[in-house]
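Okay, structure_6.cif is below, mmCIF, C-alpha atoms and all ligand atoms:
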data_run
#
loop_
_atom_site.label_atom_id
_atom_site.label_comp_id
_atom_site.auth_asym_id
_atom_site.auth_seq_id
_atom_site.Cartn_x
_atom_site.Cartn_y
_atom_site.Cartn_z
CA MET P 13 34.33 42.56 75.97
CA THR P 14 30.86 41.09 76.17
CA ARG P 15 27.87 41.71 78.39
CA PRO P 16 27.27 39.20 81.22
CA ALA P 17 24.27 36.96 80.51
CA LEU P 18 21.18 37.25 82.70
CA VAL P 19 19.61 34.38 84.61
CA ILE P 20 16.38 34.94 86.57
CA THR P 21 15.26 32.78 89.48
CA CYS P 22 12.24 32.81 91.80
CA GLU P 23 12.48 30.67 94.93
CA HIS P 24 9.25 31.78 96.62
CA GLY P 25 6.98 31.84 93.56
CA GLY P 26 3.95 30.07 95.02
CA ASN P 27 2.22 28.53 98.04
CA HIS P 28 1.59 25.06 96.65
CA ILE P 29 1.47 22.17 99.12
CA PRO P 30 1.49 18.76 97.39
CA ALA P 31 -1.49 16.57 98.42
CA VAL P 32 0.59 14.13 100.46
CA TYR P 33 1.79 16.94 102.77
CA ARG P 34 -1.54 18.77 103.11
CA PRO P 35 -2.47 17.18 106.46
CA LEU P 36 0.55 19.00 107.95
CA PHE P 37 -1.02 22.33 107.01
CA GLU P 38 -4.63 21.71 108.01
CA GLY P 39 -6.33 24.90 109.16
CA GLN P 40 -3.35 26.98 108.00
CA ASP P 41 -4.87 28.53 104.88
CA ALA P 42 -4.40 32.06 106.23
CA VAL P 43 -0.68 31.62 106.82
CA LEU P 44 -0.25 29.89 103.45
CA GLN P 45 -1.92 32.86 101.74
CA SER P 46 0.25 35.34 103.67
CA HIS P 47 3.81 36.54 103.09
CA ARG P 48 4.92 33.60 105.20
CA GLY P 49 3.64 31.17 102.56
CA PHE P 50 5.11 32.78 99.44
CA ASP P 51 6.23 36.04 97.82
CA ALA P 52 3.17 37.59 96.16
CA GLY P 53 3.99 39.12 92.78
CA ALA P 54 7.55 37.75 92.67
CA LEU P 55 6.89 35.09 90.02
CA LYS P 56 5.14 37.52 87.68
CA MET P 57 8.07 39.91 88.14
CA ALA P 58 10.53 37.11 87.36
CA GLN P 59 8.58 36.09 84.24
CA THR P 60 8.48 39.68 83.04
CA LEU P 61 12.26 40.04 83.44
CA ALA P 62 12.91 36.72 81.68
CA ASP P 63 10.63 37.68 78.76
CA ALA P 64 11.99 41.22 78.44
CA PHE P 65 15.64 40.13 78.32
CA GLY P 66 15.27 36.67 76.75
CA ALA P 67 16.83 35.19 79.90
CA PRO P 68 16.38 31.67 81.31
CA LEU P 69 13.98 31.48 84.25
CA VAL P 70 14.26 28.95 87.04
CA SER P 71 11.24 29.11 89.34
CA ALA P 72 9.33 27.06 91.88
CA THR P 73 5.84 27.26 93.34
CA VAL P 74 6.18 24.91 96.31
CA SER P 75 5.50 26.87 99.52
CA ARG P 76 8.49 27.97 101.55
CA LEU P 77 6.62 26.59 104.56
CA LEU P 78 7.19 23.05 103.26
CA VAL P 79 10.78 23.77 102.24
CA ASP P 80 12.46 27.14 101.79
CA LEU P 81 14.50 27.02 98.59
CA ASN P 82 16.27 30.22 99.62
CA ARG P 83 17.81 28.74 102.78
CA SER P 84 20.75 26.42 103.40
CA THR P 85 19.84 22.90 104.55
CA HIS P 86 21.36 23.64 107.98
CA ASN P 87 19.23 26.78 108.48
CA PRO P 88 16.65 26.24 111.26
CA THR P 89 14.02 28.04 109.12
CA LEU P 90 14.39 25.57 106.23
CA HIS P 91 10.98 24.11 107.17
CA ALA P 92 7.89 25.37 108.99
CA GLU P 93 7.44 23.96 112.48
CA GLY P 94 5.10 21.07 111.56
CA VAL P 95 7.51 19.87 108.88
CA ARG P 96 10.51 20.14 111.23
CA ARG P 97 8.83 17.59 113.50
CA LEU P 98 8.73 14.94 110.75
CA PRO P 99 11.17 12.01 110.95
CA ALA P 100 14.52 12.64 109.25
CA THR P 101 13.75 10.24 106.39
CA GLN P 102 10.60 12.19 105.46
CA ARG P 103 12.41 15.50 105.63
CA GLN P 104 15.11 14.05 103.41
CA GLU P 105 12.43 12.99 100.95
CA ILE P 106 11.19 16.59 100.75
CA LEU P 107 14.74 17.77 100.00
CA THR P 108 15.22 15.10 97.34
CA ARG P 109 11.90 15.89 95.67
CA PHE P 110 11.86 19.69 95.77
CA TYR P 111 15.02 21.29 97.12
CA GLN P 112 17.88 19.50 95.38
CA PRO P 113 16.31 19.54 91.88
CA TYR P 114 15.63 23.29 92.20
CA ARG P 115 19.13 24.09 93.42
CA SER P 116 20.63 21.96 90.62
CA ARG P 117 18.52 23.63 87.91
CA ALA P 118 19.51 27.08 89.17
CA GLU P 119 23.19 26.20 89.40
CA GLN P 120 23.15 24.59 85.96
CA ALA P 121 21.53 27.62 84.28
CA ILE P 122 24.07 29.91 85.94
CA ARG P 123 27.09 27.77 85.04
CA GLN P 124 25.83 27.52 81.44
CA ALA P 125 25.50 31.31 81.20
CA ILE P 126 29.06 31.71 82.51
CA ALA P 127 30.35 29.12 80.01
CA ASP P 128 28.62 30.95 77.14
CA ASN P 129 29.25 34.58 78.11
CA GLY P 130 32.15 34.65 80.55
CA ALA P 131 30.01 36.02 83.39
CA VAL P 132 26.45 36.02 84.68
CA ILE P 133 24.11 38.46 86.35
CA HIS P 134 21.76 36.37 88.47
CA LEU P 135 18.60 38.15 89.59
CA SER P 136 16.58 36.38 92.25
CA SER P 137 13.03 37.79 92.39
CA HIS P 138 11.35 38.28 95.79
CA SER P 139 8.77 40.46 97.50
CA PHE P 140 8.34 41.68 101.07
CA THR P 141 5.37 42.47 103.27
CA PRO P 142 4.82 46.24 103.80
CA GLU P 143 4.42 45.73 107.55
CA LEU P 144 6.30 43.33 109.81
CA ASP P 145 5.85 43.09 113.59
CA GLY P 146 4.06 46.45 113.62
CA ARG P 147 6.84 48.23 111.73
CA LEU P 148 6.10 49.88 108.40
CA ARG P 149 8.58 49.25 105.62
CA LYS P 150 8.48 52.30 103.43
CA ALA P 151 10.79 51.35 100.56
CA ASP P 152 9.14 50.33 97.29
CA ILE P 153 12.11 48.32 96.03
CA GLY P 154 15.09 46.71 97.73
CA LEU P 155 18.28 45.63 95.95
CA LEU P 156 20.21 43.04 97.98
CA TYR P 157 23.86 42.30 97.30
CA ASP P 158 27.17 41.53 98.98
CA PRO P 159 29.09 44.81 99.49
CA ARG P 160 32.39 42.88 99.19
CA ARG P 161 31.64 42.00 95.52
CA PRO P 162 32.46 45.00 93.24
CA GLY P 163 30.27 43.80 90.34
CA GLU P 164 27.24 43.57 92.60
CA VAL P 165 27.94 47.01 94.06
CA ALA P 166 28.26 48.48 90.54
CA LEU P 167 25.08 46.88 89.21
CA CYS P 168 23.02 48.07 92.16
CA GLN P 169 24.45 51.61 91.92
CA HIS P 170 23.62 51.85 88.21
CA TRP P 171 20.22 50.22 88.65
CA LYS P 172 19.28 52.50 91.56
CA ALA P 173 20.33 55.58 89.57
CA ALA P 174 18.34 54.40 86.54
CA LEU P 175 15.28 53.78 88.74
CA ALA P 176 15.60 57.30 90.17
CA ALA P 177 15.52 58.67 86.61
CA THR P 178 12.72 56.37 85.38
CA ALA P 179 10.44 56.53 88.42
CA PRO P 180 11.57 59.29 90.82
CA GLN P 181 8.49 58.74 93.01
CA LEU P 182 9.82 55.35 94.14
CA THR P 183 11.95 54.78 97.21
CA VAL P 184 14.74 52.35 96.37
CA ARG P 185 17.05 51.08 99.10
CA ARG P 186 20.09 48.89 98.96
CA ASN P 187 20.36 45.88 101.25
CA TYR P 188 16.85 46.55 102.57
CA PRO P 189 14.74 45.07 104.13
CA TYR P 190 17.44 42.38 104.47
CA ALA P 191 21.22 42.20 104.09
CA GLY P 192 22.21 40.70 100.74
CA LYS P 193 24.96 38.61 102.24
CA GLY P 194 22.57 36.67 104.48
CA ASP P 195 21.73 33.01 103.90
CA GLY P 196 20.14 32.32 100.51
CA LEU P 197 20.64 31.05 96.98
CA THR P 198 22.88 33.97 95.98
CA ALA P 199 25.05 33.55 99.11
CA TRP P 200 25.43 29.84 98.31
CA LEU P 201 26.44 30.55 94.69
CA ARG P 202 28.96 33.17 95.83
CA ARG P 203 30.75 30.43 97.74
CA CYS P 204 31.19 28.37 94.53
CA LEU P 205 31.72 31.18 91.97
CA THR P 206 34.26 34.01 91.97
CA PRO P 207 33.21 37.70 91.83
CA ASP P 208 34.55 38.14 88.28
CA VAL P 209 32.10 35.56 86.88
CA TYR P 210 29.13 35.71 89.26
CA ILE P 211 27.03 38.76 90.14
CA GLY P 212 24.08 37.80 92.32
CA VAL P 213 21.40 40.32 93.29
CA GLU P 214 18.09 39.77 95.02
CA LEU P 215 15.32 42.06 93.81
CA GLU P 216 12.74 42.74 96.54
CA ILE P 217 9.47 44.47 95.67
CA ASN P 218 7.06 45.82 98.28
CA GLN P 219 3.85 43.78 98.26
CA LYS P 220 1.82 46.98 98.67
CA HIS P 221 2.21 47.32 94.88
CA VAL P 222 0.92 43.81 94.21
CA THR P 223 -2.79 43.31 93.45
CA ALA P 224 -4.88 40.36 94.67
CA GLU P 225 -4.13 38.70 91.32
CA GLY P 226 -0.41 38.87 92.08
CA ASP P 227 0.21 41.63 89.61
CA CYS P 228 2.00 45.00 89.73
CA PRO P 229 2.11 46.21 86.11
CA ALA P 230 3.51 49.71 86.63
CA LEU P 231 6.28 48.61 88.96
CA ARG P 232 7.28 45.75 86.65
CA GLN P 233 7.54 48.15 83.73
CA TRP P 234 9.79 50.58 85.66
CA ILE P 235 12.02 47.78 86.85
CA VAL P 236 12.51 46.44 83.31
CA GLU P 237 13.14 49.92 81.83
CA SER P 238 15.68 50.84 84.50
CA LEU P 239 17.50 47.52 84.23
CA ARG P 240 17.76 48.07 80.48
CA GLU P 241 19.49 51.38 81.27
CA ALA P 242 21.82 49.87 83.86
CA LEU P 243 22.99 46.76 81.98
CA PRO P 244 25.17 48.46 79.34
CA HIS P 245 27.41 49.64 82.20
CA MET P 246 28.20 46.02 83.05
CA GLN P 247 30.93 44.44 80.95
CA SER P 248 32.50 41.03 81.25
CA HIS P 249 35.70 39.60 79.94
CA PRO P 250 35.49 36.58 77.65
CA PRO P 251 35.88 33.22 79.41
CA ARG P 252 39.44 32.69 80.61
CA ASP P 253 41.47 29.52 80.22
CA ARG P 254 38.72 27.87 78.24
CA GLY P 255 40.00 28.95 74.83
CA SER P 256 38.26 31.65 72.80
CA PRO P 257 36.52 31.12 69.49
CA PRO P 258 38.72 32.19 66.58
ZN ZN A 1 11.46 35.64 99.05
#
Write the structure described by the file as structure tokens, please.
Amino acid sequence: MTRPALVITCEHGGNHIPAVYRPLFEGQDAVLQSHRGFDAGALKMAQTLADAFGAPLVSATVSRLLVDLNRSTHNPTLHAEGVRRLPATQRQEILTRFYQPYRSRAEQAIRQAIADNGAVIHLSSHSFTPELDGRLRKADIGLLYDPRRPGEVALCQHWKAALAATAPQLTVRRNYPYAGKGDGLTAWLRRCLTPDVYIGVELEINQKHVTAEGDCPALRQWIVESLREALPHMQSHPPRDRGSPP
């Protein structure tokens, strides 16, 4: 029995708008800087996890307002309104330039990890705004998974318990502030990869912990320590039907 390999991704790592598309976002600096433009702190969190565990990191810094890498192409929120109004050929160009290469890199890293280790734990790093539509979101950390996938349930149980031991002052909630089985990169990968080889979890950190520089050192440390505690509980079987090394 081996341990599943880790792959880290970050779909909402930045709010970059390439020069050619900037006219579409004129006067929208405030929204680009807000939680609608990107996930503050998520990229630093992803980099910390990748460094701590020697895991591959697939990340992007193009703003989700241009194209949301964590949505299916048929999702109406794939683009912000101004981009949705572009002719189909221009929207296709955005997909070809930013969306498809990102999705391919993520899928490739995940398939490679499965080929090498028999199974993968994919952590997709995100952050959420502490207040949405006048409602306060009190959790510090959310762990999003599909309750129908036993490996995902197990990882989140162990991780939540380890977080409670490492940092009891934190409120950790499962499938909060969103349901893990909603549209996204993990949901898409679940459709291609069976539960015995693919464990996909979205890590959501509350942006109240993130400084103006996009940092949250204490929270990052607790998350790494607790994951280190939780991982030994996760075992994978060696790759099946692919022949084992002698
Ligand atoms: Zn996000």
If I wrap all listed atoms of range 228-247 of chain P in a box with edges along x, y and z and add 8 Å on each side, what are its centre and edge lengths in Å to one decimal, as JSON?
{"center_x": 16.5, "center_y": 47.9, "center_z": 84.5, "size_x": 44.9, "size_y": 22.9, "size_z": 26.4}
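Residue nearest ligand ZN 1 (chain A), chosen from P:Glu143, P:Glu105, P:Asp128, P:Glu214 and counting only C-alpha atoms and all ligand atoms: P:Glu214.
By chain and then residue number, the residues within 6 Å of range 237-242 of chain P are His170, Trp171, Ala174, Leu175, Trp234, Ile235, Pro244 and His245 of chain P, counting all atoms listed in the file and disregarding those fewer than 2 positions away in sequence.
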Could you list, with a cut-off of 10 Å and counting all atoms listed in the file, the residues of chain P near ligand ZN 1 (chain A), each shown with its nearest atom pair and the distance in Å rounded to one decimal, rows sorted by chain and ascending number, as JSON lines?
{"residue": "P:Cys22", "atom": "CA", "partner": "A:ZN1", "partner_atom": "ZN", "distance": 7.8}
{"residue": "P:Glu23", "atom": "CA", "partner": "A:ZN1", "partner_atom": "ZN", "distance": 6.5}
{"residue": "P:His24", "atom": "CA", "partner": "A:ZN1", "partner_atom": "ZN", "distance": 5.1}
{"residue": "P:Gly25", "atom": "CA", "partner": "A:ZN1", "partner_atom": "ZN", "distance": 8.0}
{"residue": "P:His47", "atom": "CA", "partner": "A:ZN1", "partner_atom": "ZN", "distance": 8.7}
{"residue": "P:Arg48", "atom": "CA", "partner": "A:ZN1", "partner_atom": "ZN", "distance": 9.2}
{"residue": "P:Gly49", "atom": "CA", "partner": "A:ZN1", "partner_atom": "ZN", "distance": 9.7}
{"residue": "P:Phe50", "atom": "CA", "partner": "A:ZN1", "partner_atom": "ZN", "distance": 7.0}
{"residue": "P:Asp51", "atom": "CA", "partner": "A:ZN1", "partner_atom": "ZN", "distance": 5.4}
{"residue": "P:Ala52", "atom": "CA", "partner": "A:ZN1", "partner_atom": "ZN", "distance": 9.0}
{"residue": "P:Ala54", "atom": "CA", "partner": "A:ZN1", "partner_atom": "ZN", "distance": 7.8}
{"residue": "P:Arg76", "atom": "CA", "partner": "A:ZN1", "partner_atom": "ZN", "distance": 8.6}
{"residue": "P:Asp80", "atom": "CA", "partner": "A:ZN1", "partner_atom": "ZN", "distance": 9.0}
{"residue": "P:Leu81", "atom": "CA", "partner": "A:ZN1", "partner_atom": "ZN", "distance": 9.2}
{"residue": "P:Asn82", "atom": "CA", "partner": "A:ZN1", "partner_atom": "ZN", "distance": 7.3}
{"residue": "P:Ser136", "atom": "CA", "partner": "A:ZN1", "partner_atom": "ZN", "distance": 8.5}
{"residue": "P:Ser137", "atom": "CA", "partner": "A:ZN1", "partner_atom": "ZN", "distance": 7.2}
{"residue": "P:His138", "atom": "CA", "partner": "A:ZN1", "partner_atom": "ZN", "distance": 4.2}
{"residue": "P:Ser139", "atom": "CA", "partner": "A:ZN1", "partner_atom": "ZN", "distance": 5.7}
{"residue": "P:Phe140", "atom": "CA", "partner": "A:ZN1", "partner_atom": "ZN", "distance": 7.1}
{"residue": "P:Gly196", "atom": "CA", "partner": "A:ZN1", "partner_atom": "ZN", "distance": 9.4}
{"residue": "P:Glu214", "atom": "CA", "partner": "A:ZN1", "partner_atom": "ZN", "distance": 8.8}
{"residue": "P:Leu215", "atom": "CA", "partner": "A:ZN1", "partner_atom": "ZN", "distance": 9.1}
{"residue": "P:Glu216", "atom": "CA", "partner": "A:ZN1", "partner_atom": "ZN", "distance": 7.6}
{"residue": "P:Ile217", "atom": "CA", "partner": "A:ZN1", "partner_atom": "ZN", "distance": 9.7}
Identify, on the basis of all atoms listed in the file, every residue whose closest approach to Val95 in chain P does not exceed 9 Å; exclude the query and any residue fewer than 5 positions from it along the same chain; express the result as number ranges by chain.
P: 33, 36, 77-79, 102-103
Kindly export the residues of the current selection with C-alpha atoms, as a compact mmCIF listing (two decimals), in the coordinates of the input.
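That gives us selection-v3.txt:
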# COMPACT_ATOMS: atom_id res chain seq x y z
CA TYR P 33 1.79 16.94 102.77
CA LEU P 36 0.55 19.00 107.95
CA LEU P 77 6.62 26.59 104.56
CA LEU P 78 7.19 23.05 103.26
CA VAL P 79 10.78 23.77 102.24
CA GLN P 102 10.60 12.19 105.46
CA ARG P 103 12.41 15.50 105.63
Pick from P:Gly94, P:Ala191, P:Tyr210, P:Gly26: nearest to Gln40 in chain P, with all atoms listed in the file counted?
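Once distances to Gln40 in chain P are computed over all atoms listed in the file, the minimum belongs to P:Gly94.
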Residue nearest Pro229 in chain P - candidates P:Ser71, P:Thr60, P:Gln169, P:Thr89, atoms counted: only C-alpha atoms
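Distance minimum relative to Pro229 in chain P lands on P:Thr60.
CA of Pro180 in chain P is positioned 21.9 Å from CA of Ala64 in chain P.
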Expressed in Å to a single decimal, how great is the separation between CA of Leu135 in chain P and CA of Asp63 in chain P?
13.5 Å
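For the pair CA of Cys228 in chain P and CA of Met57 in chain P, the separation is 8.1 Å.
With distances taken over all atoms listed in the file, P:Val70 is the one residue among P:Arg186, P:Val70, P:Ala199, P:Gly154 lying closest to Pro113 in chain P.
Here the question is which of P:Val43, P:Glu38, P:His134, P:Asn87 gets nearest to Leu69 in chain P using only C-alpha atoms, and that residue is P:His134.
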Within 9 Å of Asp152 in chain P, counting all atoms listed in the file, which residues qualify if same-chain residues fewer than 6 places away don't, as a short mmCIF file (atom, residue, chain, number, x, y, z; two decimals) with C-alpha atoms, in the coordinates of the input?
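Written file, part.cif:
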data_model
loop_
_atom_site.label_atom_id
_atom_site.label_comp_id
_atom_site.auth_asym_id
_atom_site.auth_seq_id
_atom_site.Cartn_x
_atom_site.Cartn_y
_atom_site.Cartn_z
CA PRO P 142 4.82 46.24 103.80
CA LEU P 182 9.82 55.35 94.14
CA THR P 183 11.95 54.78 97.21
CA VAL P 184 14.74 52.35 96.37
CA ARG P 185 17.05 51.08 99.10
CA GLU P 216 12.74 42.74 96.54
CA ILE P 217 9.47 44.47 95.67
CA ASN P 218 7.06 45.82 98.28
CA GLN P 219 3.85 43.78 98.26
CA LYS P 220 1.82 46.98 98.67
CA HIS P 221 2.21 47.32 94.88
CA LEU P 231 6.28 48.61 88.96
#
Could you tell me which of P:Tyr111, P:Tyr190, P:Phe65, P:Tyr157 comes closest to Leu90 in chain P if we count all atoms listed in the file?
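Under the stated criterion, the closest residue is P:Tyr111.
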Quick one: everything within 6 Å of Asn187 in chain P, counting only C-alpha atoms, minus sequence neighbours fewer than 4 positions away in the same chain. Send it as an NGL selection string.
:P and (155-156 or 191-192)
